[in-house]
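Trainee: Below you'll find the structure I mean.
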Amino acid sequence: MADDASTTSPQVAPAVTEAKLAPGPVDPVLAAIDPDRGRPADAVVTRGLTLRFGEKTILSSIDMQFARGSITALIGPTGSGKSTFLRTLNRMNDKVQGFRYEGDVLLDGASIWTPGLDLLNLRRRVGMLFQRPNPFPMSIRDNVVAGVKAHRIAKGKQLDVVAEQRLREVGLWDSVKDRLGDSPFRLSGGQQQLLCLARALAVGPEVLLLDEPTSSLDPISTEYVEALLRQLAPALTLIVVTHNLAQARRVSHHTMFFYDGHLVEHGPTDDLFERPKDPQTERYVTGRIG
Amino acid sequence: MPRVRRRRVFAALFRAGTFLALGLVLAPAAWVLAGVVAKAAPHWHWSVLWTPLVSGNGGLEGPLVGTLVLMAGVLVIAGTVGVLAGIHLAELSRPRRGAAPGGTWLRMASDVLSGFPSIVLGYVGYVALVVGLHWGYSLLPALLILSIMVVPYIAKSTETALRQVPTSYREGAEALGMSTGYALRKVVLKSGAPGIVTGLLIALAIAGGETAPLIYTANFATRVWTGSFVGGHEFGYLTYMVYAFWDQPNKNQIYLSYDAALVLVAIVLILLVSARVIVARTQRHAEGRRG
């Protein structure tokens, strides 16, 4: 009887941090049909990752795991290397002159620099949202399905279905459904960023990199985007560069603090903000350096 | 003089200067247009467009067809080569790792080419193509020489237009996993379309308005273009009519000269308008257009 009670009683709500860190399904039935079962628990792993531009070392020896379905915030002052780190994860730095790396980045256990790897498919799997909304100069609908067309995921009538589904997902459908053929540049900044998010989601990424996604948005749009990111998290692994410490606290499960080319400290967001282990972290999160 | 007043005087002078420049640009254009219309209108008959030219009489059928064929040919040959060269300069030979080679040489060759006087190119065409390759006075040598003349303009305007495409479009396309070529076709070229179309327009206007290199490569004939590209098939074109007929003793020939001038001006105007329409269509979703 006691055993029965323990298995059927509702689970005690775990500590906030723990709940945020373990967003995956707990029900065994759900676990059995989880499409991510059998894949490594960490979607992205970096091993001794050192990044250089020419002779200048931007970041040295970063070892980090990004748990599948989690949100990780990258914080640190300008020039601390967090954006470079982010842009390395989908190999956007490869073409930058003088870029060199040591160590490795594993996506689902396989190096992103595997020779012969399909770079375009890597970019499909690891999406990106930029600081400033950057819709393409084409209609709203064509923007959403631009990547879908490029990767030939759908065609013809299916594209309209994809467009509607993704615009609904980001909550933009009702405001744009009557003007899908219009220019995206007539939308507000926040709506444009949502459109870019819809465009990024449309190709079905596993990881989404966000480079200060709300820094050009007003507070209400920011709040909306943050709520959206929290909804996306269990299905997606999100890595967010942000200058907004409050945002990092509100949104992320995990926080990494970069300072002067080093990963000074990382850990569960609440721990890092409430009980920083490193004095530099403490000075930064309390606003004394930055 | 107090500073504020000096500033006002300077601003007023500057404004006056810009207006003067505007006038100096507009006045000759208006003058030429008015002159051509005034001279051609009184004796204008639409039938001149399809009446054959017979030894100084008749209409402009042959020359009109010749000019249109030349323009179409230049659009195909120089348009293809020029736009591709411009893409190479702007997209592939940028100074970065893995850049395609030849950017510097291509750019220099293009600049040198655009500095050649057209009569020199015409003579080269005569020596190398008409005589050297035994092509005779015909369409292909004319097309090639005109194309060589205008390719630099098209390449330059394409390069400039593509360089002005915001980096954010390229980054966005790259991050979505579009290949460079796909992004170029679907995103970048679209955004650069106005500049490219402008370059093609200038090229077409030059192709339609040149005389010197054509005299060397196509010579002139009253008959309509036979459809042959090589083999001594001379043909007529409008600029020759303007150039050769205006001071003839025969009144009908002088009329034909002004008619030809009017038709040329009309062709350029039609080109301008259609280019505007094309640009407006490609740019209806462009940034900075919110209306």
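Identifiers for the structure tokens are assigned positionally: chains receive A, B, ... in sequence, residues are indexed from 1 per chain, and ligands are indexed from 1 in the order shown.
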For chain A, which residues have at least one atom within 7 Å of chain B, if we go by only C-alpha atoms? Write them as a ChimeraX atom specification, please.

Mentor: /A:95,97,120-121,123-124,127-128,134,136-139,147,150,182-186,200

Trainee: Might you pull out every residue within 10 Å of Thr226 of chain B, with only C-alpha atoms counted and same-chain residues fewer than 2 positions away left off, and present them as a compact mmCIF listing (two decimals) with C-alpha atoms, in the first residue's frame?

Mentor:
```
# COMPACT_ATOMS: atom_id res chain seq x y z
CA GLY B 62 15.55 48.65 -91.86
CA GLY B 66 18.78 46.99 -86.94
CA SER B 138 27.67 41.97 -90.31
CA LEU B 139 25.77 41.68 -87.04
CA ARG B 223 17.71 46.69 -96.40
CA VAL B 224 16.30 45.05 -93.31
CA SER B 228 22.54 36.33 -90.59
CA PHE B 229 25.19 36.93 -87.98
CA HIS B 233 25.34 41.03 -94.36
CA GLU B 234 25.45 44.78 -93.83
CA PHE B 235 22.43 46.34 -92.19
```

Trainee: Pick out the residues sitting within 9 Å of Gly199 of chain B, and hand them over as number ranges by chain; count only C-alpha atoms, and ignore anything fewer than 5 positions along from it in its own chain.

Mentor: B: 153-158, 194, 204

Trainee: Please provide the set of residues having any atom within 9 Å of Ala67 of chain A, restricted to only C-alpha atoms, with same-chain residues fewer than 5 positions apart removed, written as a PyMOL selection string.

Mentor: chain A and resi 21-22+40-45+72+237

Trainee: For each of A:Ala163, A:Cys196, A:Leu272, A:Ile289, take the minimum atom-to-atom distance to Gly76 of chain A, counting only C-alpha atoms, then give the residue where this is smallest.

Mentor: A:Ile289

Trainee: If you run DSSP on this backbone, which residues of segment 43-262 of chain B come out as helix (DSSP H, G or I), and could you give them as a ChimeraX atom specification?

Mentor: /B:43,46-49,61-92,103-115,118-132,139-163,167-175,180-209,212-217,238-245,251-262

Trainee: Since we have the selection now, will you write its residues out, keeping C-alpha atoms, as a short mmCIF file (atom, residue, chain, number, x, y, z; two decimals), in the first residue's frame?

Mentor:
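The resulting again.cif:
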```cif
data_model
loop_
_atom_site.label_atom_id
_atom_site.label_comp_id
_atom_site.auth_asym_id
_atom_site.auth_seq_id
_atom_site.Cartn_x
_atom_site.Cartn_y
_atom_site.Cartn_z
CA HIS B 43 5.97 65.83 -90.96
CA TRP B 46 3.51 56.52 -88.15
CA SER B 47 4.00 54.66 -91.42
CA VAL B 48 7.66 55.72 -91.38
CA LEU B 49 8.23 52.93 -88.82
CA GLU B 61 12.02 49.94 -91.29
CA GLY B 62 15.55 48.65 -91.86
CA PRO B 63 17.37 51.00 -89.46
CA LEU B 64 14.74 50.51 -86.73
CA VAL B 65 14.96 46.72 -86.93
CA GLY B 66 18.78 46.99 -86.94
CA THR B 67 18.87 49.11 -83.80
CA LEU B 68 16.39 46.87 -81.95
CA VAL B 69 18.33 43.74 -82.91
CA LEU B 70 21.57 45.35 -81.75
CA MET B 71 20.03 46.31 -78.43
CA ALA B 72 18.57 42.86 -77.87
CA GLY B 73 21.87 41.21 -78.76
CA VAL B 74 23.85 43.48 -76.46
CA LEU B 75 21.37 42.81 -73.67
CA VAL B 76 21.96 39.07 -74.04
CA ILE B 77 25.74 39.06 -74.57
CA ALA B 78 26.94 42.03 -72.52
CA GLY B 79 24.19 41.57 -69.95
CA THR B 80 25.24 38.01 -69.20
CA VAL B 81 28.97 38.68 -69.18
CA GLY B 82 28.68 42.00 -67.33
CA VAL B 83 26.36 40.78 -64.58
CA LEU B 84 28.45 37.64 -64.03
CA ALA B 85 31.66 39.71 -63.89
CA GLY B 86 30.00 42.07 -61.42
CA ILE B 87 28.92 39.13 -59.25
CA HIS B 88 32.47 37.81 -59.34
CA LEU B 89 33.86 41.17 -58.25
CA ALA B 90 31.33 41.75 -55.49
CA GLU B 91 30.75 38.28 -54.10
CA LEU B 92 33.58 35.93 -54.93
CA GLY B 103 39.49 40.29 -58.71
CA THR B 104 42.23 42.87 -59.09
CA TRP B 105 42.99 41.96 -62.69
CA LEU B 106 39.35 41.78 -63.68
CA ARG B 107 38.68 45.18 -62.15
CA MET B 108 41.72 46.73 -63.85
CA ALA B 109 40.87 45.23 -67.23
CA SER B 110 37.34 46.48 -66.86
CA ASP B 111 38.49 50.00 -66.02
CA VAL B 112 40.93 50.09 -68.93
CA LEU B 113 38.28 48.81 -71.29
CA SER B 114 35.79 51.49 -70.30
CA GLY B 115 38.42 54.11 -71.09
CA SER B 118 34.61 53.68 -79.16
CA ILE B 119 36.15 54.41 -82.55
CA VAL B 120 39.30 52.53 -81.50
CA LEU B 121 37.24 49.52 -80.50
CA GLY B 122 35.39 49.81 -83.80
CA TYR B 123 38.64 49.74 -85.72
CA VAL B 124 39.85 46.76 -83.70
CA GLY B 125 36.60 45.04 -84.63
CA TYR B 126 37.17 45.88 -88.29
CA VAL B 127 40.74 44.56 -88.32
CA ALA B 128 40.22 41.51 -86.11
CA LEU B 129 36.70 40.38 -86.91
CA VAL B 130 35.47 41.87 -90.18
CA VAL B 131 38.75 41.36 -92.03
CA GLY B 132 40.79 39.05 -89.78
CA LEU B 139 25.77 41.68 -87.04
CA LEU B 140 28.11 39.55 -84.93
CA PRO B 141 31.20 41.80 -85.11
CA ALA B 142 28.98 44.78 -84.34
CA LEU B 143 27.42 43.00 -81.37
CA LEU B 144 30.76 41.86 -79.98
CA ILE B 145 32.33 45.31 -80.21
CA LEU B 146 29.31 47.02 -78.65
CA SER B 147 29.27 44.38 -75.91
CA ILE B 148 32.96 44.89 -75.16
CA MET B 149 32.20 48.60 -74.85
CA VAL B 150 29.37 48.24 -72.36
CA VAL B 151 30.44 45.24 -70.28
CA PRO B 152 32.49 47.46 -67.92
CA TYR B 153 29.46 49.64 -67.18
CA ILE B 154 27.29 46.64 -66.39
CA ALA B 155 30.00 44.96 -64.30
CA LYS B 156 30.65 48.13 -62.34
CA SER B 157 27.01 48.88 -61.61
CA THR B 158 26.36 45.25 -60.67
CA GLU B 159 29.34 45.21 -58.32
CA THR B 160 28.30 48.49 -56.71
CA ALA B 161 24.70 47.36 -56.35
CA LEU B 162 25.65 44.03 -54.75
CA ARG B 163 28.09 45.66 -52.34
CA THR B 167 25.27 42.27 -44.67
CA SER B 168 22.33 41.24 -42.53
CA TYR B 169 20.62 39.68 -45.58
CA ARG B 170 23.70 37.61 -46.34
CA GLU B 171 24.16 36.60 -42.70
CA GLY B 172 20.50 35.71 -42.36
CA ALA B 173 20.65 33.57 -45.48
CA GLU B 174 23.87 31.92 -44.35
CA ALA B 175 22.47 31.16 -40.90
CA THR B 180 26.05 31.03 -51.37
CA GLY B 181 24.61 30.61 -54.85
CA TYR B 182 21.06 30.12 -53.60
CA ALA B 183 21.27 33.15 -51.32
CA LEU B 184 22.67 35.17 -54.20
CA ARG B 185 19.81 34.26 -56.50
CA LYS B 186 16.95 34.46 -54.03
CA VAL B 187 18.00 37.24 -51.68
CA VAL B 188 21.02 39.27 -52.76
CA LEU B 189 20.35 39.79 -56.48
CA LYS B 190 16.80 40.79 -55.73
CA SER B 191 17.97 43.45 -53.35
CA GLY B 192 20.59 44.67 -55.82
CA ALA B 193 18.18 44.70 -58.77
CA PRO B 194 17.73 48.49 -59.11
CA GLY B 195 21.47 49.07 -59.57
CA ILE B 196 21.83 46.17 -61.99
CA VAL B 197 18.85 47.29 -64.05
CA THR B 198 20.29 50.83 -64.18
CA GLY B 199 23.56 49.43 -65.51
CA LEU B 200 21.77 47.41 -68.18
CA LEU B 201 19.76 50.47 -69.12
CA ILE B 202 22.88 52.59 -69.65
CA ALA B 203 24.37 49.75 -71.67
CA LEU B 204 21.29 49.55 -73.88
CA ALA B 205 21.21 53.30 -74.36
CA ILE B 206 24.87 53.20 -75.43
CA ALA B 207 24.21 50.25 -77.74
CA GLY B 208 21.32 52.09 -79.35
CA GLY B 209 23.16 55.38 -79.53
CA ALA B 212 31.35 55.02 -84.85
CA PRO B 213 32.06 51.37 -83.99
CA LEU B 214 29.08 50.29 -86.10
CA ILE B 215 30.35 52.00 -89.22
CA TYR B 216 33.48 49.88 -88.89
CA THR B 217 31.74 46.61 -88.13
CA LEU B 238 19.01 54.55 -86.62
CA THR B 239 22.08 56.49 -85.50
CA TYR B 240 23.53 56.29 -89.00
CA MET B 241 20.39 57.92 -90.34
CA VAL B 242 20.76 60.81 -87.90
CA TYR B 243 24.46 61.13 -88.64
CA ALA B 244 24.42 60.79 -92.43
CA PHE B 245 21.08 62.19 -93.58
CA LYS B 251 14.26 67.21 -98.00
CA ASN B 252 12.90 63.70 -97.46
CA GLN B 253 16.31 62.56 -96.22
CA ILE B 254 16.48 65.42 -93.71
CA TYR B 255 13.00 64.44 -92.52
CA LEU B 256 14.14 60.85 -92.12
CA SER B 257 17.10 62.05 -90.07
CA TYR B 258 14.82 63.85 -87.59
CA ASP B 259 12.38 60.95 -87.57
CA ALA B 260 15.24 58.63 -86.66
CA ALA B 261 16.30 60.97 -83.85
CA LEU B 262 12.76 61.05 -82.51
#
```

Trainee: Let me make sure I understand: among A:Ile62, A:Ala235, A:Val251, A:Leu172, which one has the smallest atom-to-atom distance to Gly103 of chain A if we use only C-alpha atoms?

Mentor: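 Comparing A:Ile62, A:Ala235, A:Val251, A:Leu172 against Gly103 of chain A, the winner is A:Ile62.
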
Trainee: Find the residues near segment 85-94 of chain A: any atom within 7 Å, counting only C-alpha atoms, skip ones fewer than 6 places away on the same chain, and give them as a compact mmCIF listing (two decimals) with C-alpha atoms, in the first residue's frame.

Mentor:
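Done, and the output landed in selection.txt:
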```
# COMPACT_ATOMS: atom_id res chain seq x y z
CA LEU A 122 24.37 21.90 -39.88
CA ARG A 123 22.98 25.43 -40.23
CA VAL A 126 21.54 24.96 -35.55
CA LEU A 209 21.42 30.46 -31.16
```

Trainee: So how many Å separate atom CA of Glu223 of chain A and atom CA of Leu167 of chain A, to one decimal?

Mentor: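 So the two atoms, atom CA of Glu223 of chain A and atom CA of Leu167 of chain A, lie 17.9 Å apart.
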
Trainee: So which residues touch Gly54 of chain A within 12 Å, counting only C-alpha atoms, skipping near sequence neighbours fewer than 5 positions away, as a count of residues only?

Mentor: 6

Trainee: Nearest to Tyr237 of chain B: which of B:Asn250, B:Leu13, B:Ala34, B:Glu210 is it, counting only C-alpha atoms?

Mentor: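 Looking only at the distances to Tyr237 of chain B, the closest residue turns out to be B:Glu210.
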
Trainee: One decimal, Å: what's the distance from atom CA of Gly236 of chain B over to atom CA of Phe220 of chain B, could you say?

Mentor: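 Atom-to-atom, atom CA of Gly236 of chain B and atom CA of Phe220 of chain B are spaced 4.9 Å apart.
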
Trainee: Figure out the distance between atom CA of Thr222 of chain B and atom CA of Pro52 of chain B, please, to one decimal in Å.

Mentor: 7.9 Å
